[in-house]
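Shown next: work_28.txt, given as compact mmCIF, C-alpha atoms.
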# COMPACT_ATOMS: atom_id res chain seq x y z
CA MET A 1 0.00 0.00 0.00
CA SER A 2 1.07 3.58 -0.56
CA SER A 3 2.63 5.65 2.21
CA PRO A 4 2.48 9.41 2.90
CA ASP A 5 5.84 9.70 1.18
CA SER A 6 4.63 7.93 -1.95
CA LEU A 7 4.97 9.77 -5.22
CA ARG A 8 1.45 10.80 -6.17
CA VAL A 9 0.68 10.55 -9.89
CA ALA A 10 -2.47 11.27 -11.87
CA VAL A 11 -2.93 9.60 -15.23
CA ILE A 12 -5.50 11.30 -17.48
CA GLY A 13 -7.10 8.63 -19.64
CA SER A 14 -7.84 4.98 -18.86
CA GLY A 15 -7.10 3.49 -22.26
CA PRO A 16 -4.12 1.19 -22.88
CA ALA A 17 -1.59 4.05 -22.73
CA GLY A 18 -2.94 5.27 -19.41
CA ILE A 19 -3.22 1.87 -17.76
CA TYR A 20 0.17 0.74 -19.07
CA THR A 21 1.55 3.92 -17.50
CA ALA A 22 0.01 2.95 -14.16
CA ASP A 23 1.42 -0.55 -14.60
CA ALA A 24 4.95 0.74 -15.25
CA LEU A 25 4.72 3.04 -12.23
CA THR A 26 3.65 0.28 -9.84
CA ARG A 27 5.90 -2.50 -11.18
CA GLN A 28 9.16 -0.68 -10.53
CA SER A 29 11.02 -0.70 -7.20
CA ARG A 30 12.83 2.66 -7.35
CA GLU A 31 9.97 4.65 -5.79
CA THR A 32 6.75 3.98 -3.92
CA VAL A 33 3.96 5.40 -6.08
CA ALA A 34 0.22 5.94 -5.71
CA VAL A 35 -1.61 6.30 -9.02
CA ASP A 36 -5.06 7.70 -9.79
CA VAL A 37 -6.28 6.85 -13.30
CA ILE A 38 -8.86 9.50 -14.22
CA ASP A 39 -11.35 9.26 -17.08
CA ARG A 40 -14.45 11.16 -18.15
CA LEU A 41 -16.29 7.87 -18.70
CA PRO A 42 -17.45 5.57 -15.89
CA THR A 43 -15.97 2.68 -17.89
CA PRO A 44 -12.22 2.05 -18.28
CA TYR A 45 -10.09 0.64 -21.14
CA GLY A 46 -10.58 3.39 -23.73
CA LEU A 47 -9.82 2.11 -27.22
CA VAL A 48 -9.98 -1.52 -26.11
CA ARG A 49 -13.65 -1.02 -25.19
CA TYR A 50 -14.65 1.63 -27.73
CA GLY A 51 -12.26 1.14 -30.64
CA VAL A 52 -11.74 -2.59 -31.11
CA ALA A 53 -14.37 -4.15 -33.38
CA PRO A 54 -16.87 -6.27 -31.42
CA ASP A 55 -15.99 -9.45 -33.32
CA HIS A 56 -12.29 -9.18 -32.41
CA THR A 57 -12.67 -11.04 -29.16
CA LYS A 58 -9.00 -12.02 -28.95
CA ILE A 59 -7.87 -8.39 -29.03
CA LYS A 60 -10.54 -7.51 -26.49
CA GLY A 61 -8.83 -10.05 -24.23
CA VAL A 62 -6.27 -7.31 -23.56
CA ALA A 63 -8.86 -5.95 -21.13
CA ARG A 64 -8.10 -8.85 -18.78
CA THR A 65 -4.49 -7.69 -18.53
CA LEU A 66 -5.54 -4.08 -18.03
CA ARG A 67 -8.00 -5.17 -15.36
CA GLN A 68 -5.18 -6.62 -13.26
CA VAL A 69 -3.49 -3.21 -13.25
CA LEU A 70 -6.63 -1.45 -12.00
CA GLU A 71 -6.88 -4.03 -9.22
CA HIS A 72 -3.38 -3.19 -7.93
CA PRO A 73 -3.62 -1.79 -4.37
CA ASP A 74 -1.72 1.37 -5.33
CA VAL A 75 -3.93 2.14 -8.35
CA ARG A 76 -7.35 3.78 -8.28
CA PHE A 77 -9.80 4.25 -11.13
CA ILE A 78 -11.71 7.53 -10.96
CA GLY A 79 -14.43 7.76 -13.61
CA GLY A 80 -16.94 10.40 -14.64
CA VAL A 81 -14.46 13.26 -14.24
CA ARG A 82 -13.94 15.66 -17.15
CA PHE A 83 -10.47 17.13 -17.39
CA GLY A 84 -10.67 20.86 -18.03
CA ARG A 85 -14.16 21.17 -16.52
CA ASP A 86 -14.30 19.17 -13.28
CA VAL A 87 -10.55 19.44 -12.68
CA THR A 88 -7.94 21.70 -14.24
CA VAL A 89 -4.19 21.57 -14.74
CA ASP A 90 -3.74 23.83 -11.72
CA ASP A 91 -5.92 21.53 -9.61
CA LEU A 92 -3.89 18.49 -10.56
CA ASN A 93 -0.61 20.28 -9.89
CA ARG A 94 -1.86 21.02 -6.38
CA VAL A 95 -2.99 17.49 -5.63
CA TYR A 96 -0.36 15.40 -7.41
CA ASP A 97 3.41 15.35 -7.78
CA ALA A 98 3.10 14.46 -11.48
CA VAL A 99 0.43 14.24 -14.17
CA VAL A 100 0.63 12.00 -17.24
CA TYR A 101 -1.67 12.87 -20.14
CA ALA A 102 -2.73 9.72 -22.00
CA THR A 103 -5.86 10.85 -23.82
CA GLY A 104 -5.20 9.23 -27.20
CA ALA A 105 -6.25 10.57 -30.60
CA SER A 106 -10.01 10.79 -30.88
CA VAL A 107 -10.86 12.57 -34.14
CA ASP A 108 -10.43 11.63 -37.78
CA ARG A 109 -8.43 13.22 -40.55
CA LYS A 110 -10.44 14.79 -43.36
CA LEU A 111 -10.21 14.03 -47.06
CA GLY A 112 -10.23 17.71 -48.03
CA ILE A 113 -12.44 17.27 -51.09
CA PRO A 114 -15.69 18.95 -52.25
CA GLY A 115 -18.86 17.46 -50.80
CA GLU A 116 -17.18 16.05 -47.73
CA ASP A 117 -19.68 17.73 -45.40
CA LEU A 118 -22.77 16.24 -47.08
CA PRO A 119 -25.01 14.02 -44.96
CA GLY A 120 -23.89 10.47 -45.57
CA SER A 121 -20.21 11.44 -45.63
CA VAL A 122 -18.95 10.39 -42.23
CA ALA A 123 -15.83 9.62 -40.26
CA ALA A 124 -15.01 5.99 -39.66
CA THR A 125 -14.32 7.00 -36.06
CA ASP A 126 -18.01 7.91 -35.66
CA PHE A 127 -19.08 4.56 -37.07
CA VAL A 128 -16.62 2.71 -34.82
CA ASN A 129 -17.92 4.60 -31.78
CA TRP A 130 -21.45 3.69 -32.84
CA TYR A 131 -20.97 -0.04 -33.24
CA CYS A 132 -18.77 -0.16 -30.13
CA GLY A 133 -21.52 1.46 -28.07
CA HIS A 134 -19.81 4.70 -27.06
CA PRO A 135 -22.29 6.72 -24.97
CA ASP A 136 -21.56 9.93 -26.91
CA THR A 137 -23.07 8.37 -30.05
CA ASP A 138 -26.81 8.29 -30.76
CA VAL A 139 -27.97 4.81 -31.75
CA GLN A 140 -29.99 6.43 -34.57
CA ARG A 141 -26.81 7.94 -36.01
CA PHE A 142 -26.67 5.32 -38.78
CA LEU A 143 -29.54 3.74 -40.70
CA LEU A 144 -27.52 1.95 -43.44
CA ASP A 145 -30.18 2.38 -46.12
CA ALA A 146 -27.73 2.75 -49.04
CA LYS A 147 -27.13 -0.28 -51.28
CA GLU A 148 -23.54 0.74 -52.05
CA ILE A 149 -21.01 2.26 -49.64
CA ALA A 150 -17.42 3.42 -50.07
CA VAL A 151 -14.78 3.12 -47.35
CA VAL A 152 -11.69 5.23 -48.03
CA GLY A 153 -8.53 3.99 -46.36
CA ALA A 154 -6.05 1.13 -46.26
CA GLY A 155 -5.55 0.56 -42.54
CA ASN A 156 -6.96 -1.85 -39.99
CA VAL A 157 -9.79 0.49 -38.98
CA ALA A 158 -10.97 0.62 -42.60
CA LEU A 159 -10.98 -3.19 -42.68
CA ASP A 160 -12.94 -3.28 -39.40
CA VAL A 161 -15.59 -0.99 -40.87
CA VAL A 162 -15.84 -3.08 -44.04
CA ARG A 163 -16.07 -6.31 -42.07
CA VAL A 164 -18.83 -5.08 -39.74
CA LEU A 165 -20.79 -3.74 -42.73
CA ALA A 166 -20.39 -7.04 -44.58
CA LYS A 167 -21.31 -9.43 -41.78
CA SER A 168 -24.82 -10.63 -41.13
CA ALA A 169 -26.50 -9.88 -37.83
CA ASP A 170 -26.26 -13.56 -36.92
CA GLU A 171 -22.46 -13.38 -37.27
CA LEU A 172 -22.39 -10.51 -34.76
CA ARG A 173 -25.02 -11.78 -32.36
CA HIS A 174 -22.50 -13.49 -30.05
CA THR A 175 -20.46 -10.27 -29.60
CA ASP A 176 -20.93 -7.42 -27.11
CA ILE A 177 -22.41 -5.08 -29.72
CA PRO A 178 -25.35 -3.11 -28.24
CA GLN A 179 -28.74 -4.61 -29.07
CA PRO A 180 -30.15 -1.50 -30.84
CA VAL A 181 -27.01 -1.36 -33.02
CA LEU A 182 -27.38 -5.03 -33.87
CA GLU A 183 -30.98 -4.37 -34.93
CA VAL A 184 -29.88 -1.57 -37.26
CA LEU A 185 -27.24 -3.84 -38.80
CA ALA A 186 -29.84 -6.59 -39.21
CA ALA A 187 -31.98 -4.17 -41.26
CA SER A 188 -29.03 -2.94 -43.35
CA LYS A 189 -29.65 -2.60 -47.10
CA VAL A 190 -25.95 -2.59 -47.96
CA LEU A 191 -25.08 -4.99 -50.79
CA ARG A 192 -21.74 -3.71 -52.07
CA ILE A 193 -18.81 -2.15 -50.23
CA HIS A 194 -15.96 -0.45 -52.06
CA LEU A 195 -12.67 -0.31 -50.15
CA LEU A 196 -10.53 2.37 -51.80
CA ALA A 197 -6.77 2.72 -51.31
CA ARG A 198 -4.87 5.61 -52.85
CA ARG A 199 -1.69 3.59 -53.23
CA GLY A 200 -0.87 -0.01 -54.09
CA PRO A 201 -1.07 -3.21 -52.04
CA LEU A 202 2.57 -2.97 -50.96
CA GLN A 203 1.91 0.44 -49.38
CA ALA A 204 -1.26 -0.56 -47.52
CA LYS A 205 -1.12 -0.21 -43.73
CA PHE A 206 -3.43 -3.07 -42.77
CA THR A 207 -1.98 -6.19 -41.19
CA ALA A 208 -2.25 -9.73 -42.51
CA PRO A 209 -4.47 -11.07 -39.68
CA GLU A 210 -6.98 -8.27 -40.29
CA LEU A 211 -6.88 -8.90 -44.02
CA ARG A 212 -7.37 -12.65 -43.59
CA ASP A 213 -10.49 -11.99 -41.52
CA LEU A 214 -12.18 -10.60 -44.62
CA GLY A 215 -11.55 -13.86 -46.44
CA GLU A 216 -13.40 -15.78 -43.72
CA LEU A 217 -16.69 -13.90 -44.09
CA ALA A 218 -19.66 -16.18 -44.74
CA ASN A 219 -21.84 -13.32 -45.95
CA ALA A 220 -19.66 -11.59 -48.56
CA ASP A 221 -17.60 -12.30 -51.66
CA ILE A 222 -14.35 -10.40 -52.24
CA THR A 223 -13.19 -9.11 -55.60
CA VAL A 224 -9.65 -7.99 -56.32
CA ARG A 225 -8.54 -6.69 -59.72
CA PRO A 226 -5.63 -8.90 -60.85
CA GLU A 227 -3.90 -6.04 -62.70
CA GLN A 228 -3.70 -4.01 -59.47
CA ILE A 229 -1.78 -6.67 -57.59
CA ASP A 230 0.31 -8.05 -60.46
CA ILE A 231 3.79 -6.98 -59.33
CA ASP A 232 7.03 -8.29 -60.80
CA PRO A 233 8.82 -10.30 -58.08
CA ALA A 234 12.13 -8.87 -59.33
CA SER A 235 10.93 -5.25 -59.26
CA GLU A 236 12.47 -2.70 -56.92
CA ALA A 237 9.11 -2.24 -55.22
CA MET A 238 8.87 -5.93 -54.38
CA LEU A 239 12.51 -6.30 -53.35
CA SER A 240 12.27 -3.34 -50.99
CA ALA A 241 8.85 -4.30 -49.57
CA ALA A 242 8.54 -5.37 -45.97
CA ARG A 243 7.72 -8.98 -45.20
CA ALA A 244 4.26 -8.00 -43.96
CA ALA A 245 3.50 -6.26 -47.27
CA ARG A 246 4.54 -9.34 -49.23
CA THR A 247 2.26 -11.46 -47.04
CA ASN A 248 -0.64 -9.13 -47.78
CA LEU A 249 0.10 -9.38 -51.48
CA LYS A 250 0.04 -13.17 -51.30
CA ILE A 251 -3.41 -13.08 -49.68
CA LEU A 252 -4.73 -10.59 -52.24
CA THR A 253 -3.35 -12.67 -55.11
CA SER A 254 -5.21 -15.74 -53.89
CA TRP A 255 -8.44 -13.74 -53.75
CA ALA A 256 -7.94 -12.38 -57.26
CA ARG A 257 -7.99 -15.98 -58.55
CA GLN A 258 -11.24 -16.90 -56.81
CA GLU A 259 -14.64 -16.99 -58.47
CA PRO A 260 -17.52 -15.29 -56.59
CA ALA A 261 -19.58 -17.75 -54.57
CA GLY A 262 -22.82 -15.79 -54.82
CA ARG A 263 -22.88 -14.57 -51.24
CA PRO A 264 -25.37 -11.80 -50.31
CA ARG A 265 -22.80 -8.99 -50.16
CA GLN A 266 -19.77 -8.03 -52.19
CA ILE A 267 -16.52 -6.36 -51.07
CA ASP A 268 -14.67 -4.62 -53.88
CA LEU A 269 -11.01 -4.02 -52.94
CA ARG A 270 -9.49 -1.36 -55.15
CA PHE A 271 -5.97 0.05 -55.15
CA TRP A 272 -4.50 3.04 -56.98
CA VAL A 273 -7.64 5.16 -56.71
CA ARG A 274 -8.42 8.30 -54.74
CA PRO A 275 -11.63 10.23 -54.05
CA ILE A 276 -11.73 13.70 -55.60
CA GLU A 277 -15.36 14.73 -55.05
CA ILE A 278 -18.40 13.54 -53.13
CA LEU A 279 -21.49 14.14 -55.25
CA GLY A 280 -24.99 15.08 -54.20
CA GLN A 281 -27.26 17.96 -53.23
CA GLU A 282 -29.11 16.96 -50.06
CA SER A 283 -26.97 13.92 -49.26
CA VAL A 284 -24.30 11.67 -50.76
CA ALA A 285 -25.36 10.48 -54.23
CA GLY A 286 -22.03 9.33 -55.63
CA LEU A 287 -18.26 9.47 -55.33
CA ARG A 288 -15.97 10.69 -58.08
CA VAL A 289 -12.61 8.92 -57.99
CA GLU A 290 -9.39 9.19 -59.98
CA ARG A 291 -6.86 6.52 -60.79
CA THR A 292 -3.43 7.21 -59.28
CA GLU A 293 0.16 6.22 -59.83
CA LEU A 294 3.58 6.91 -58.36
CA GLY A 295 5.71 9.39 -60.27
CA ASP A 296 9.43 9.09 -60.86
CA ASP A 297 9.98 11.07 -57.66
CA GLY A 298 7.94 8.54 -55.67
CA ARG A 299 5.05 10.94 -55.12
CA LEU A 300 1.44 9.97 -55.68
CA THR A 301 -0.15 11.68 -58.68
CA GLY A 302 -3.47 11.51 -60.46
CA THR A 303 -3.65 10.10 -63.96
CA GLY A 304 -6.74 12.07 -65.02
CA GLU A 305 -8.71 8.84 -65.50
CA GLU A 306 -11.94 9.29 -63.52
CA GLU A 307 -15.11 7.40 -62.77
CA VAL A 308 -18.15 7.82 -60.54
CA LEU A 309 -19.14 5.19 -57.98
CA ASP A 310 -22.87 4.95 -57.31
CA VAL A 311 -22.63 5.06 -53.53
CA GLY A 312 -24.99 6.52 -50.96
CA MET A 313 -22.49 6.71 -48.10
CA VAL A 314 -18.77 7.46 -47.78
CA PHE A 315 -16.70 6.53 -44.74
CA ARG A 316 -13.30 8.18 -44.45
CA SER A 317 -10.69 6.18 -42.57
CA ILE A 318 -7.37 7.86 -43.25
CA GLY A 319 -6.06 8.29 -39.72
CA TYR A 320 -6.72 9.64 -36.25
CA MET A 321 -5.61 12.95 -34.76
CA GLY A 322 -5.18 14.19 -31.23
CA VAL A 323 -7.21 17.09 -29.87
CA PRO A 324 -5.91 19.89 -27.63
CA LEU A 325 -6.31 19.54 -23.88
CA PRO A 326 -7.33 22.62 -21.86
CA ASP A 327 -4.24 24.60 -20.79
CA VAL A 328 -1.86 21.90 -22.05
CA PRO A 329 0.64 22.77 -24.83
CA PHE A 330 -0.34 21.40 -28.24
CA ASP A 331 1.43 21.18 -31.58
CA GLU A 332 -1.14 21.79 -34.33
CA SER A 333 1.18 20.46 -37.04
CA THR A 334 1.67 17.04 -35.45
CA ARG A 335 -1.60 17.07 -33.44
CA THR A 336 0.30 15.92 -30.37
CA VAL A 337 1.52 17.35 -27.08
CA PRO A 338 5.11 18.57 -27.56
CA HIS A 339 7.54 16.68 -25.38
CA ALA A 340 11.12 15.61 -24.83
CA ASP A 341 11.36 11.97 -23.72
CA GLY A 342 7.79 12.19 -22.43
CA ARG A 343 8.29 15.46 -20.54
CA VAL A 344 5.78 18.07 -21.72
CA LEU A 345 7.43 21.14 -23.22
CA GLY A 346 6.15 24.66 -22.72
CA PRO A 347 6.05 27.43 -25.34
CA ASP A 348 9.67 28.33 -24.54
CA GLY A 349 10.81 24.76 -25.22
CA ALA A 350 11.53 24.03 -21.54
CA ALA A 351 10.04 21.03 -19.78
CA LEU A 352 7.02 21.85 -17.60
CA PRO A 353 7.65 20.51 -14.08
CA GLY A 354 5.52 17.51 -13.22
CA GLN A 355 3.80 17.17 -16.60
CA TYR A 356 4.27 14.13 -18.84
CA VAL A 357 2.62 12.48 -21.82
CA ALA A 358 2.14 8.93 -23.12
CA GLY A 359 0.42 7.11 -25.97
CA TRP A 360 -1.05 8.53 -29.17
CA ILE A 361 -1.30 12.06 -27.79
CA LYS A 362 2.48 11.79 -27.34
CA ARG A 363 3.63 10.16 -30.57
CA GLY A 364 0.65 10.33 -32.95
CA ALA A 365 -1.76 7.57 -33.97
CA THR A 366 0.80 4.91 -34.81
CA GLY A 367 1.47 1.38 -33.66
CA VAL A 368 -0.79 -1.27 -32.17
CA ILE A 369 -2.21 -1.57 -28.65
CA GLY A 370 0.94 -3.23 -27.37
CA THR A 371 3.11 -0.36 -28.63
CA ASN A 372 1.69 1.73 -25.81
CA LYS A 373 3.37 -0.50 -23.24
CA SER A 374 6.94 0.35 -24.22
CA ASP A 375 5.93 3.96 -24.88
CA ALA A 376 4.48 4.29 -21.37
CA ALA A 377 7.54 2.64 -19.84
CA ALA A 378 9.80 5.21 -21.53
CA THR A 379 7.77 8.09 -20.10
CA VAL A 380 7.77 6.52 -16.64
CA ARG A 381 11.57 6.19 -16.66
CA GLY A 382 11.86 9.92 -17.13
CA LEU A 383 9.25 10.61 -14.45
CA LEU A 384 11.11 8.44 -11.94
CA ASP A 385 14.38 10.16 -12.78
CA ASP A 386 12.64 13.42 -11.85
CA ALA A 387 11.24 12.07 -8.56
CA PRO A 388 13.54 14.07 -6.22
CA VAL A 389 12.63 17.32 -7.95
CA LEU A 390 8.92 16.41 -7.99
CA ARG A 391 8.91 15.91 -4.23
CA GLU A 392 10.62 19.27 -3.71
CA ARG A 393 7.74 20.95 -5.56
CA ARG A 394 5.16 19.86 -2.99
CA GLY A 395 3.51 22.89 -1.53
CA GLU A 396 2.74 23.56 2.10
CA GLY A 397 -0.34 21.61 3.18
CA ALA A 398 -0.19 19.37 0.11
CA GLU A 399 -0.57 16.25 2.25
CA GLU A 400 -4.12 17.32 3.18
CA LEU A 401 -5.20 17.76 -0.44
CA SER A 402 -6.89 14.93 -2.31
CA ILE A 403 -8.83 14.54 -5.51
CA ASP A 404 -11.77 13.18 -3.48
CA ARG A 405 -11.95 16.31 -1.38
CA LEU A 406 -11.56 18.62 -4.36
CA LEU A 407 -14.30 16.90 -6.37
CA GLY A 408 -16.55 16.69 -3.34
CA GLU A 409 -16.29 20.44 -2.73
CA ARG A 410 -17.36 21.01 -6.35
CA GLY A 411 -20.28 18.63 -6.21
CA VAL A 412 -18.79 16.29 -8.81
CA THR A 413 -20.08 12.73 -8.51
CA PHE A 414 -17.36 10.36 -9.58
CA THR A 415 -17.23 6.60 -9.97
CA ASP A 416 -14.67 4.02 -8.91
CA TYR A 417 -13.54 0.56 -9.93
CA GLY A 418 -16.32 -1.05 -7.91
CA ASP A 419 -18.85 0.92 -9.94
CA TRP A 420 -17.25 -0.35 -13.13
CA LEU A 421 -17.64 -3.92 -11.88
CA THR A 422 -21.33 -3.18 -11.30
CA ILE A 423 -21.68 -1.98 -14.92
CA ASP A 424 -19.74 -5.02 -16.06
CA ALA A 425 -22.15 -7.31 -14.23
CA ALA A 426 -25.16 -5.47 -15.68
CA GLU A 427 -23.80 -6.03 -19.19
CA ALA A 428 -23.35 -9.73 -18.49
CA GLU A 429 -26.92 -9.87 -17.20
CA ARG A 430 -28.21 -8.17 -20.33
CA ALA A 431 -26.40 -10.74 -22.50
CA ALA A 432 -28.01 -13.56 -20.51
CA ASP A 433 -31.46 -11.99 -20.87
CA LEU A 434 -31.01 -11.69 -24.64
CA GLY A 435 -29.33 -15.07 -25.09
CA ARG A 436 -26.24 -13.39 -26.55
CA GLY A 437 -22.67 -14.29 -25.59
CA GLU A 438 -20.87 -13.11 -22.46
CA ARG A 439 -21.93 -9.45 -22.45
CA VAL A 440 -23.99 -6.88 -24.30
CA LYS A 441 -22.88 -3.30 -23.83
CA LEU A 442 -24.92 -0.61 -22.16
CA HIS A 443 -24.60 2.15 -24.73
CA ARG A 444 -26.35 5.23 -23.29
CA TRP A 445 -25.23 7.53 -20.51
CA ASP A 446 -28.49 6.96 -18.63
CA GLU A 447 -28.06 3.18 -18.91
CA LEU A 448 -24.50 3.28 -17.58
CA TYR A 449 -25.37 5.46 -14.62
CA GLY A 450 -28.74 3.74 -14.20
CA ALA A 451 -26.88 0.49 -13.55
CA LEU A 452 -25.28 2.31 -10.60
CA GLY A 453 -28.61 3.54 -9.27
CA HIS A 454 -27.99 7.13 -10.44
CA SER A 455 -30.75 9.04 -12.15
As structure tokens - that is how I would like this structure written.
Amino acid sequence: MSSPDSLRVAVIGSGPAGIYTADALTRQSRETVAVDVIDRLPTPYGLVRYGVAPDHTKIKGVARTLRQVLEHPDVRFIGGVRFGRDVTVDDLNRVYDAVVYATGASVDRKLGIPGEDLPGSVAATDFVNWYCGHPDTDVQRFLLDAKEIAVVGAGNVALDVVRVLAKSADELRHTDIPQPVLEVLAASKVLRIHLLARRGPLQAKFTAPELRDLGELANADITVRPEQIDIDPASEAMLSAARAARTNLKILTSWARQEPAGRPRQIDLRFWVRPIEILGQESVAGLRVERTELGDDGRLTGTGEEEVLDVGMVFRSIGYMGVPLPDVPFDESTRTVPHADGRVLGPDGAALPGQYVAGWIKRGATGVIGTNKSDAAATVRGLLDDAPVLRERRGEGAEELSIDRLLGERGVTFTDYGDWLTIDAAEAERAADLGRGERVKLHRWDELYGALGHS
């Protein structure tokens, strides 16, 4: 258990980066540390809960590891607290010796083309939040009444979106997807999904396991144009390609040789094509695309060869970006918090005492969930090196300050790990009532707090 001399650390964000930070802080033996993991949601795990597709149960298993961290005696989960509104930077500096910002990257990058703001042109992040049951998303956000849909992007999130759109409701029934979302998917009119990548298969960012998952769909055929994946094995592009890219190419080549099996839905994988205009007056009525190629300088260029896809929805999935935190330095060009070895840098380029950063808000939206573990460990090493200075910063009377007291004085009702276990149990009960798998998510704010007996 922590002692009065323990280093007191607040971690803002309870996703993988935040919890791995708490894990690194409590696993080491250099300092005794007490950690409060603070989140605006009453549910922990961030992207693992609200970013991993519901049918990726193996990846969701990461939550079991994260759970062990939150059950450590020197770690507390404090939910329902909004940074910047319920507590400020100044508040945290008064209560804690150090603060680690681990808030991730929550918004999407835009295509920057005409028509992008039409109804029916949406961010993949919004769709992911919807099918993952994020309480900020209205269940009526998506109706899926278009027969053809385009998904722009060549990363794993784009593949997740395609896969969820292509699956039947029966294929998703055993997952934790909220019941109202499952009902919308069951009524979906989508028959054809275009996955559009601006570059070629060797430049795609998706991983082989994600790609293989598409090939296992019982409800959709996959088409791949042979000429788009016909690459000379002796070419410079192939010789310089990473092993993962060559594996992807092998999978795509096998699909290009297959005949359609007549399944209800069709996935059309297309490379070397970019969107240049979303068409429509009141809503999306089509997508104008242009064939692309790499110039002699290696830059992507348009060939002038255009066509129009008859789609009624466009999902953009070309990357995530961080958002500024109140009174925390932010680099608009990189969409991250500026730092040196995890230490937050002020406008003058000097490290701000007691402020640190980890995860996507530190390095940008790169890597997989596990990447956050080494990233968090690197930040924690720097924080521990600073421990003597951090203790010297403690103000007079600091020992009497606590986040509980501060929030109580402001009338902020916060939740703890026990409350999360209550929500967890309620979701398991809902699954049992519906005859669906291990859990079905509570997806509305009133449902989450209603499970705790709050109105």
Interatomic distance, atom CA of A:Arg270 to atom CA of A:Asp126 (Å, one decimal):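 Separation between atom CA of A:Arg270 and atom CA of A:Asp126: 23.2 Å.
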Selected residue of minimal separation from A:Val184 among A:Leu165, A:Arg212, A:Lys205, A:Glu438, counting only C-alpha atoms: A:Leu165
Residue nearest A:Arg64 - candidates A:Ile229, A:Val48, A:Leu182, A:Ile78, atoms counted: only C-alpha atoms: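 Distance minimum relative to A:Arg64 lands on A:Val48.
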Near stretch 272-276 of chain A, 12 Å: stretch 210-233 of chain A residue rows, closest pairs, only C-alpha atoms, as JSON lines:
{"residue": "A:Arg225", "atom": "CA", "partner": "A:Trp272", "partner_atom": "CA", "distance": 10.9}
{"residue": "A:Glu227", "atom": "CA", "partner": "A:Trp272", "partner_atom": "CA", "distance": 10.7}
{"residue": "A:Gln228", "atom": "CA", "partner": "A:Trp272", "partner_atom": "CA", "distance": 7.5}
{"residue": "A:Ile229", "atom": "CA", "partner": "A:Trp272", "partner_atom": "CA", "distance": 10.1}
Minimum-distance residue to A:Val9, chosen among A:Ser235, A:Ser317, A:Ser402, A:Thr247 (using all atoms listed in the file):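 Among the listed residues, A:Ser402 lies closest to A:Val9.
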Tell me, counting only C-alpha atoms, for each residue of stretch 3-63 of chain A within 12 Å of stretch 444-447 of chain A, which pair of atoms is nearest and how far apart they are in Å to one decimal, in rows ordered by chain and increasing number, as a tab-separated table.
residue	atom	partner	partner_atom	distance
A:Arg40	CA	A:Trp445	CA	11.6
A:Leu41	CA	A:Trp445	CA	9.1
A:Pro42	CA	A:Trp445	CA	9.3
A:Thr43	CA	A:Trp445	CA	10.8
Go ahead and save the residues from that selection, with C-alpha atoms, as a JSON list (two decimals), in the coordinates of the input.
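File written: again-v4.json
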[["chain", "number", "residue", "atom", "x", "y", "z"],
["A", 40, "ARG", "CA", -14.45, 11.16, -18.15],
["A", 41, "LEU", "CA", -16.29, 7.87, -18.70],
["A", 42, "PRO", "CA", -17.45, 5.57, -15.89],
["A", 43, "THR", "CA", -15.97, 2.68, -17.89]]
Residue among A:Val162, A:Ile59, A:Ala426, A:Ala24 lying closest to A:His443, counting all atoms listed in the file: A:Ala426
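With only C-alpha atoms as the atoms that count, the residue of A:Thr65, A:Ser188, A:Ser6, A:Asn248 with the shortest distance to A:Asp23 is A:Thr65.
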Show me, as AutoDock Vina command-line options, the centre and edge lengths in Å to one decimal of the axis-aligned box that covers every listed atom of stretch 145-160 of chain A with 6 Å on each side.
--center_x -17.9 --center_y 1.0 --center_z -45.5 --size_x 36.6 --size_y 20.5 --size_z 25.1
Given all atoms listed in the file as the counted atoms, nearest of A:Gly153, A:Gly411, A:Gly354, A:Pro264 to A:Phe315: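 Closest to A:Phe315 of all the choices is A:Gly153.
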Could you name the residues that touch A:Ala376 at 9 Å or less, counting all atoms listed in the file, but leaving out those on the same chain fewer than 6 positions away, as a PDB file with C-alpha atoms, keeping the file's coordinate frame?
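Below is the file out.pdb, written as the result:
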ATOM      1  CA  ALA A  17      -1.590   4.050 -22.730  1.00  0.00           C
ATOM      2  CA  GLY A  18      -2.940   5.270 -19.410  1.00  0.00           C
ATOM      3  CA  ILE A  19      -3.220   1.870 -17.760  1.00  0.00           C
ATOM      4  CA  TYR A  20       0.170   0.740 -19.070  1.00  0.00           C
ATOM      5  CA  THR A  21       1.550   3.920 -17.500  1.00  0.00           C
ATOM      6  CA  ALA A  22       0.010   2.950 -14.160  1.00  0.00           C
ATOM      7  CA  ASP A  23       1.420  -0.550 -14.600  1.00  0.00           C
ATOM      8  CA  ALA A  24       4.950   0.740 -15.250  1.00  0.00           C
ATOM      9  CA  GLY A 342       7.790  12.190 -22.430  1.00  0.00           C
ATOM     10  CA  VAL A 357       2.620  12.480 -21.820  1.00  0.00           C
ATOM     11  CA  ALA A 358       2.140   8.930 -23.120  1.00  0.00           C
ATOM     12  CA  GLY A 359       0.420   7.110 -25.970  1.00  0.00           C
TER      13      GLY A 359
END
Radius query 12 Å about (-12.9, 18.8, -5.0), atoms used: all atoms listed in the file, as a VMD selection string: chain A and resid 81 85 to 88 91 to 92 94 to 95 401 to 414
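Those residues that approach A:Gln28 to within 12 Å, counting only C-alpha atoms, are A:Thr21, A:Ala22, A:Ala377, A:Val380, A:Arg381, A:Leu383, A:Leu384; same-chain residues fewer than 6 positions away are not listed.
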Contacts of A:Gly286 at 9 Å (all atoms listed in the file; same-chain gap of 2+ positions) as a PyMOL selection string: chain A and resi 277-280+284+288+308-314
d(atom CA of A:Gly120, atom CA of A:Asp108) in Å: 15.6 Å
